Amino acid sequence: MKKLPVCFLFSTAVAVGALLASAAVFAAPAAPPDFRQHWVAAIPVEPSAAADYPVRPARLTDVVVTDGFWKERIETNRKVTLQADFAKVEETGRVANFARAGLLEKGAFRGTPFDDASFYKIIEGASYTLAQHYDPKLDAYLDALIAKIAAAQELDGYLYTARSLGLSRNSRVGKHRWENLRNGHELYCAGHLYEAAVAHFAATKKRTLMHVALRNADLVCRVFGPRSGQIISAPGHPEIEIALVKLFRATGDRKYLEQAKFFLDMRGRSDLRKATWGVARQDHAPFLKQKEAVGHAVCAGYFYAAAADIAALTGERAYRDTLDVLWANVVGKKMHLSGGIGALPHGEAFGSNYQLPNETAYLETCAAVANGFWNHRMFLLSGDAKYLDVFERIIYNGFLSGISLTGDEFFYPNPLASRGNYKRSKWFDCACCPVNVVRFIPQLGQYAYAVRKHDVFVNLFLTSDAKLDTPAGAVRLKQSTDYPWSGTVKIDVAPEKNDADFILKVRIPGWAREKPVPSDLYSYLPLDTHAVEHVTATLNGAKIDATAGPDGFLAISRKWRTGDTLTLDLPMPVRRVRAHSAVAADKGLLAVERGPLIYCAETADNAAPIYALALAPDAVFTAGVSKIHDHECLSLSAPATATEIGVNGRSTPRAATIKLIPYYAWCHRGANQMRVWLPATPAAAEPQRALRISSSFRDPKLGNYFEAISDGILGKTSADHSVKRITWWPHKGSPQSTAASTAVASGSAVGVGEEWLRYDFTSPQTVRRTAVQWFDDTGTGGCRVPAAWRVQALAEDGKTWRDLEADAYPIAKDKLNQATFKTPVKTRALRLVARLPAGYSSGVLEWKVE
């Protein structure tokens, strides 16, 4: 008989009990509990420590997003993304791993050792969704999943399915527990378990998953620490620190806060630890000595967010000072315009200062989430709107591009330019991004509001209904807006008791105050004087001063009554953005913004090649509406210049029109070329060929190059092998084709023994003559000049070809063979048809069209 693991009796009992409970729910769903009453905030109204964040965010269920831009995204997340993510973790074996580790079914481990974390993150997101929109089926489904998690937990609280299922031979897992903290990610998985447990307990008041999390956390607290016999180390991937703080807030047990602080303080302590994990994991120096953001960007974002939590809860100013230095480095030298961080694909890491590439930018979706967590916490520490300016830039751009409008496809990296070889995916083997999306979106409502003593903050603009607890009593704020398309925001104030004395603080975004970001990394080009509009505000219909204070907020102090209405108008002119002169990747380029959105040009909307387009700094934009996957967004069009390489090989600027869409909406119409940063002059553009070249046949293994035949480079002779070319080898002509060489058949058909090359122009061209230099390697190879040739033009119907009559179609080696058409023709495409000589192939060194 197979020996049962130590955890079997305990885990099976828990699993059976939980499964029975979930079965009962399926049989007769209970009435939905009052989740708004039960919800325990991530940061409670009454802090569990004397020191804490001075600013408190709204509780999750005290904010309801009722309409508009984010309502659509939240509903898509609930109805589509959550279901798609759950389907994938079932399909890829992540759920089965827990059932198998708990001996509920047979089978081996599937996937990557740290896959447990992605499963936990979906449960966290599902719990936030459940708290806001009760669904008995989802509630029961979570019960069943949690039963499998409980079954997999070992007797002492250890939980890591890869090891339980015998993957200890894997170098990432290691032979023994905690052996590979750098890459095994046992503690990273544990952290996401704790976050899921806190969210689930808060939403349902069920202790099933919280019980599992606390047993595991107690094990971690026993194993890691400064005492004799404990392991002195730090996680390879920071995350558990955030989660331990959440356990502290949920339970009031200070050991979890102390454990989080221990992990923070042990970072970079090579004097105390057997091994450290280096720059890649922010483990190269003690935290208080770190001055520059380096290494894996997701790790950094989570690490800095945890440090902010610990700074708030311990009151240690040194942590805050270090965070200020690191934040200034990121926002001043290492953040992309989208709010994305982590420029380098290698190591998913920060680059050097001002190393901000576009096409190769990595900018992982998870890094955007982590950067959002960090910046929101920095706001809670300070009450300064500059952190919310960064947060807003992230959520509308660097984060939102990571999820499709349909909610079921994802970007892992989010580059700011593409040659058309990149698109979203349904899933990834390392699925951290899709599951981070599903837990981040449901939390957005609570980020919109906050309270600090008598200050009531409006941080984000979204149609919503919020109820906030203040010293003046409960205050209801009802916000109506078409943001981000319109800058008009209406806020109806309804205090529980009239004459409630508090300060309403409404953020005036940095973009509305001439500051795209709170540093000199990016700046706006000046507007024409006549185009300048100022922020305005009215209170109960009367105009008031809309000037923001030093903290970035419009502050209105009064005794508020039900019926008071504040209306804010934020002008949204189209702005050009330039990067700091030290950003080499953006020299000669400008970006376009409107309100909180950055814009991009995509092939699907533009006739000219994207990389050939230049947008003058003074070009006037016209706004329009684009519909992409039933999602309407505001698009921008303006006159532009397209620099093209003609069939004669010369670069020529021509007038064009450029259309831009919000960056988050790109790549929904196939893999397209795309650019955020656009040339300001034709000289800074990349000339693109004004034609597409195709052939009846070519073998790329033989070094055939389409671009070679229109590059203007002639061979010294027809046998010049140093010049790139295209041939039809090994296709050869037949005796019949030679016999017909003196009388080439007319008509649109291509005959036996004939091959062709085709030029497709980006716009109709009038052609008068053509010339060809043939490839002929007599004596060394199998290509000869053709037996005959002719040129055809594509008719207006786009289907029919007609031969063009010329003064002659000469055939000679070592020269250009020119043919002048008797009548110039306007067409979108030309076809050069060559009749191959008997027993030989043919090729072309250059084909010119004028």
# chains A, B, ... in the order shown; residues from 1 in each chain; ligands from 1
>>> closest_atom_pairs(of="region 641-739 of chain A", to="region 565-584 of chain A", cutoff="12 Å", atoms="only C-alpha atoms", output="tab-separated table")
residue	atom	partner	partner_atom	distance
A:Leu660	CA	A:Val574	CA	11.4
A:Val676	CA	A:Val577	CA	10.5
A:Trp677	CA	A:Val577	CA	8.8
A:Leu678	CA	A:Arg576	CA	10.1
A:Pro679	CA	A:Arg578	CA	10.9
A:Ala680	CA	A:Arg576	CA	10.0
>>> residues_around(residues="region 809-812 of chain A", least_positions_apart="5", cutoff="8 Å", atoms="only C-alpha atoms", output="list in words")
Trp774, Val785, Pro786, Ala787, Ala788, Trp789, Arg790, Asn817, Gln818 and Ala819 of chain A
>>> residues_around(residues="Ala608 (chain A)", least_positions_apart="2", cutoff="7 Å", atoms="only C-alpha atoms", output="PyMOL selection string")
chain A and resi 606+610+642
>>> select_by_dssp(residues="region 156-226 of chain A", states="helix (DSSP H, G or I)", output="VMD selection string")
chain A and resid 161 to 164 167 to 169 186 to 204 208 to 223
>>> residues_around(residues="Ile491 (chain A)", least_positions_apart="2", cutoff="12 Å", atoms="only C-alpha atoms", output="VMD selection string")
chain A and resid 457 to 458 460 to 466 476 to 481 488 to 489 493 to 494 504 to 506 537 to 540 562 to 569
>>> residues_around(residues="Lys453 (chain A)", least_positions_apart="4", cutoff="10 Å", atoms="only C-alpha atoms", output="ChimeraX atom specification")
/A:54-56,469-472,502-503
>>> write_last_selection(atoms="all heavy atoms", output="short mmCIF file (atom, residue, chain, number, x, y, z; two decimals), in the first residue's frame")
data_model
loop_
_atom_site.label_atom_id
_atom_site.label_comp_id
_atom_site.auth_asym_id
_atom_site.auth_seq_id
_atom_site.Cartn_x
_atom_site.Cartn_y
_atom_site.Cartn_z
N PRO A 54 -1.68 58.44 7.13
CA PRO A 54 -2.53 59.56 7.52
C PRO A 54 -3.77 59.69 6.64
O PRO A 54 -4.79 60.23 7.07
CB PRO A 54 -1.61 60.78 7.39
CG PRO A 54 -0.52 60.34 6.45
CD PRO A 54 -0.34 58.88 6.68
N VAL A 55 -3.67 59.22 5.41
CA VAL A 55 -4.80 59.25 4.48
C VAL A 55 -5.36 57.84 4.38
O VAL A 55 -4.62 56.87 4.19
CB VAL A 55 -4.37 59.75 3.09
CG1 VAL A 55 -5.57 59.79 2.15
CG2 VAL A 55 -3.72 61.12 3.19
N ARG A 56 -6.69 57.72 4.51
CA ARG A 56 -7.34 56.40 4.43
C ARG A 56 -8.15 56.30 3.14
O ARG A 56 -9.00 57.16 2.87
CB ARG A 56 -8.29 56.21 5.62
CG ARG A 56 -7.60 56.13 6.96
CD ARG A 56 -8.60 55.90 8.08
NE ARG A 56 -9.43 57.10 8.33
CZ ARG A 56 -10.68 57.22 7.95
NH1 ARG A 56 -11.27 56.26 7.26
NH2 ARG A 56 -11.37 58.32 8.22
N ASP A 469 -16.82 57.70 5.54
CA ASP A 469 -16.91 58.01 6.97
C ASP A 469 -15.91 59.11 7.30
O ASP A 469 -14.71 58.98 7.03
CB ASP A 469 -16.62 56.77 7.80
CG ASP A 469 -17.71 55.72 7.66
OD1 ASP A 469 -18.88 56.10 7.52
OD2 ASP A 469 -17.37 54.52 7.65
N THR A 470 -16.39 60.20 7.89
CA THR A 470 -15.54 61.33 8.25
C THR A 470 -15.85 61.76 9.68
O THR A 470 -16.89 61.38 10.23
CB THR A 470 -15.78 62.53 7.30
OG1 THR A 470 -16.99 63.19 7.69
CG2 THR A 470 -15.89 62.09 5.85
N PRO A 471 -14.99 62.57 10.29
CA PRO A 471 -15.31 63.08 11.62
C PRO A 471 -16.60 63.89 11.65
O PRO A 471 -17.23 64.03 12.71
CB PRO A 471 -14.09 63.97 11.95
CG PRO A 471 -12.98 63.39 11.14
CD PRO A 471 -13.62 62.93 9.88
N ALA A 472 -17.02 64.41 10.50
CA ALA A 472 -18.26 65.19 10.43
C ALA A 472 -19.47 64.30 10.15
O ALA A 472 -20.57 64.80 9.92
CB ALA A 472 -18.15 66.26 9.34
N PHE A 502 -16.23 70.13 6.62
CA PHE A 502 -15.05 69.40 6.14
C PHE A 502 -14.52 70.09 4.89
O PHE A 502 -15.15 71.00 4.34
CB PHE A 502 -15.38 67.93 5.84
CG PHE A 502 -16.41 67.70 4.77
CD1 PHE A 502 -16.05 67.61 3.42
CD2 PHE A 502 -17.76 67.57 5.10
CE1 PHE A 502 -17.00 67.39 2.44
CE2 PHE A 502 -18.72 67.34 4.12
CZ PHE A 502 -18.34 67.26 2.78
N ILE A 503 -13.33 69.68 4.47
CA ILE A 503 -12.68 70.25 3.29
C ILE A 503 -12.77 69.25 2.15
O ILE A 503 -12.25 68.13 2.27
CB ILE A 503 -11.20 70.59 3.57
CG1 ILE A 503 -11.09 71.55 4.76
CG2 ILE A 503 -10.54 71.19 2.33
CD1 ILE A 503 -9.66 71.75 5.23
#
>>> residues_around(residues="Arg177 (chain A)", least_positions_apart="6", cutoff="10 Å", atoms="only C-alpha atoms", output="list of chain:residue names")
A:Tyr158, A:Tyr160, A:Arg163, A:Ser168, A:Gly184, A:Glu186
>>> closest_residue(among="A:Arg513, A:Leu525, A:Ala147, A:Ile394", to="Ala546 (chain A)", atoms="only C-alpha atoms")
A:Arg513
>>> residues_around(residues="region 355-369 of chain A", least_positions_apart="2", cutoff="7 Å", atoms="only C-alpha atoms", output="ChimeraX atom specification")
/A:297-298,301,334,336,339-345,348,351-353,371-373,394,398-399,402,411-418,432-433,436,583,585
>>> atom_distance(atom1="CA of Glu316 (chain A)", atom2="CA of Lys255 (chain A)")
17.4 Å
>>> closest_residue(among="A:Ile544, A:Ile726, A:Ala275, A:Ala305", to="Leu381 (chain A)", atoms="only C-alpha atoms")
A:Ala305
>>> closest_residue(among="A:Gly588, A:Gly670, A:Gly407, A:Pro824", to="Val435 (chain A)", atoms="only C-alpha atoms")
A:Gly407
